Each structure stands twice: as C-alpha cells, then as structure tokens.
Amino acid sequence: MTLATVFKERISQMPDDINTKKDIEIYYKNLLKEIDEELKKKNKKPLNPYQQFVKDMQAKIKSDNPELSAKERFTKIADEWQKQKN
C-alpha cells in the first residue's frame, strides 16, 4: 500500500461537515500524520537476532552497571553476544 492509495481512500472519506478552508487544512494535516504513522508501522522490518539481543540486554546492563558509559555498555553487550554465539 502506497501513500497515494491510502491518501485517496481517506480523502474520499472526508466528513461532510468540513466546510472552511481552515477545517480542510487541519483535516489534511492530521490525515498525513496518521497515514505516515500507519505506513511506518506496516513497513517496519523485524529486528535481526543481534539487534534483538542488544535491545534486550541494554536495560539489563544499564541497571546492573549504571556507572558505565554508552560505549562501555555496548562493548559489554558485544562481549556477551560473542559468548552466546560460541
């Protein structure tokens, strides 16, 4: 589904009580935001195993070691990933 097809469909469903130019502009602006969010959700690729591992480990490492910088945290996560792979 493309932006154009979704837009045409949603514009055809515009309520009849929208009469002024300002109302149309508001409807149009909100419509584009909604469509953009819908398309982002639909087109989102699943995380690969490493990305999922990083996502899962990030909060755990941060809570266990709050003093670590972001670089040190990612180094620790990468080390854990290597251990898991082997």
# chains A, B, ... in the order shown; residues from 1 in each chain; ligands from 1
call {"tool": "residues_around", "arguments": {"residues": "Lys85 (chain A)", "least_positions_apart": "3", "cutoff": "12 Å", "atoms": "only C-alpha atoms", "output": "ChimeraX atom specification"}}
result
/A:49-50,53,78-82
call {"tool": "select_by_dssp", "arguments": {"residues": "region 2-86 of chain A", "states": "alpha helix (DSSP H)", "output": "ChimeraX atom specification"}}
result
/A:3-12,21-43,49-64,70-85
call {"tool": "residues_around", "arguments": {"residues": "region 71-76 of chain A", "least_positions_apart": "5", "cutoff": "9 Å", "atoms": "only C-alpha atoms", "output": "list in words"}}
result
Val54, Gln58, Ile61, Lys62, Asn65 and Trp81 of chain A
call {"tool": "write_last_selection", "arguments": {"atoms": "N, CA and C atoms", "output": "compact mmCIF listing (two decimals), in the first residue's frame"}}
result
# COMPACT_ATOMS: atom_id res chain seq x y z
N VAL A 54 20.72 -6.88 21.51
CA VAL A 54 21.14 -5.57 22.03
C VAL A 54 19.97 -4.89 22.72
N GLN A 58 20.26 -4.13 26.71
CA GLN A 58 20.54 -2.73 27.02
C GLN A 58 20.05 -2.34 28.42
N ILE A 61 21.96 -4.41 31.30
CA ILE A 61 23.33 -3.95 31.53
C ILE A 61 23.31 -2.58 32.19
N LYS A 62 22.41 -1.71 31.76
CA LYS A 62 22.33 -0.36 32.32
C LYS A 62 21.93 -0.40 33.79
N ASN A 65 24.88 -2.02 35.82
CA ASN A 65 26.11 -1.21 35.81
C ASN A 65 25.80 0.23 35.42
N TRP A 81 27.42 -11.05 23.46
CA TRP A 81 26.95 -11.62 22.19
C TRP A 81 27.95 -12.67 21.69
call {"tool": "closest_residue", "arguments": {"among": "A:Gln52, A:Ser69, A:Gln84, A:Leu32", "to": "Val6 (chain A)", "atoms": "only C-alpha atoms"}}
result
A:Leu32
call {"tool": "atom_distance", "arguments": {"atom1": "CA of Leu3 (chain A)", "atom2": "CA of Ile35 (chain A)"}}
result
7.2 Å
call {"tool": "decode", "arguments": {"residues": "region 20-63 of chain A", "atoms": "C-alpha atoms", "output": "PDB file, in the first residue's frame"}}
result
ATOM      1  CA  THR A  20     -13.981  26.071   5.746  1.00  0.00           C
ATOM      2  CA  LYS A  21     -10.525  26.182   4.269  1.00  0.00           C
ATOM      3  CA  LYS A  22      -9.074  26.077   7.772  1.00  0.00           C
ATOM      4  CA  ASP A  23     -11.044  22.915   8.616  1.00  0.00           C
ATOM      5  CA  ILE A  24      -9.806  21.278   5.436  1.00  0.00           C
ATOM      6  CA  GLU A  25      -6.201  22.219   6.203  1.00  0.00           C
ATOM      7  CA  ILE A  26      -6.494  20.781   9.720  1.00  0.00           C
ATOM      8  CA  TYR A  27      -8.068  17.589   8.390  1.00  0.00           C
ATOM      9  CA  TYR A  28      -5.358  17.301   5.719  1.00  0.00           C
ATOM     10  CA  LYS A  29      -2.525  17.847   8.208  1.00  0.00           C
ATOM     11  CA  ASN A  30      -3.904  15.275  10.664  1.00  0.00           C
ATOM     12  CA  LEU A  31      -4.582  12.841   7.843  1.00  0.00           C
ATOM     13  CA  LEU A  32      -0.978  12.982   6.627  1.00  0.00           C
ATOM     14  CA  LYS A  33       0.303  12.369  10.166  1.00  0.00           C
ATOM     15  CA  GLU A  34      -1.987   9.363  10.600  1.00  0.00           C
ATOM     16  CA  ILE A  35      -1.061   7.879   7.228  1.00  0.00           C
ATOM     17  CA  ASP A  36       2.647   8.368   7.903  1.00  0.00           C
ATOM     18  CA  GLU A  37       2.368   6.573  11.252  1.00  0.00           C
ATOM     19  CA  GLU A  38       0.355   3.724   9.696  1.00  0.00           C
ATOM     20  CA  LEU A  39       2.868   3.217   6.888  1.00  0.00           C
ATOM     21  CA  LYS A  40       5.818   3.282   9.300  1.00  0.00           C
ATOM     22  CA  LYS A  41       4.205   0.554  11.395  1.00  0.00           C
ATOM     23  CA  LYS A  42       3.433  -1.589   8.351  1.00  0.00           C
ATOM     24  CA  ASN A  43       6.846  -1.182   6.714  1.00  0.00           C
ATOM     25  CA  LYS A  44       8.894  -1.829   9.817  1.00  0.00           C
ATOM     26  CA  LYS A  45      11.286  -4.732   9.348  1.00  0.00           C
ATOM     27  CA  PRO A  46      11.707  -7.250  12.143  1.00  0.00           C
ATOM     28  CA  LEU A  47      14.903  -6.955  14.154  1.00  0.00           C
ATOM     29  CA  ASN A  48      17.710  -9.327  13.285  1.00  0.00           C
ATOM     30  CA  PRO A  49      18.984 -11.580  16.116  1.00  0.00           C
ATOM     31  CA  TYR A  50      21.831  -9.227  17.083  1.00  0.00           C
ATOM     32  CA  GLN A  51      19.578  -6.160  17.169  1.00  0.00           C
ATOM     33  CA  GLN A  52      17.062  -8.028  19.328  1.00  0.00           C
ATOM     34  CA  PHE A  53      19.851  -9.149  21.670  1.00  0.00           C
ATOM     35  CA  VAL A  54      21.135  -5.569  22.029  1.00  0.00           C
ATOM     36  CA  LYS A  55      17.619  -4.308  22.687  1.00  0.00           C
ATOM     37  CA  ASP A  56      17.024  -6.967  25.342  1.00  0.00           C
ATOM     38  CA  MET A  57      20.413  -6.538  27.025  1.00  0.00           C
ATOM     39  CA  GLN A  58      20.538  -2.731  27.021  1.00  0.00           C
ATOM     40  CA  ALA A  59      18.231  -2.216  30.014  1.00  0.00           C
ATOM     41  CA  LYS A  60      19.735  -5.142  31.954  1.00  0.00           C
ATOM     42  CA  ILE A  61      23.329  -3.947  31.526  1.00  0.00           C
ATOM     43  CA  LYS A  62      22.334  -0.359  32.323  1.00  0.00           C
ATOM     44  CA  SER A  63      20.546  -1.341  35.545  1.00  0.00           C
TER      45      SER A  63
END
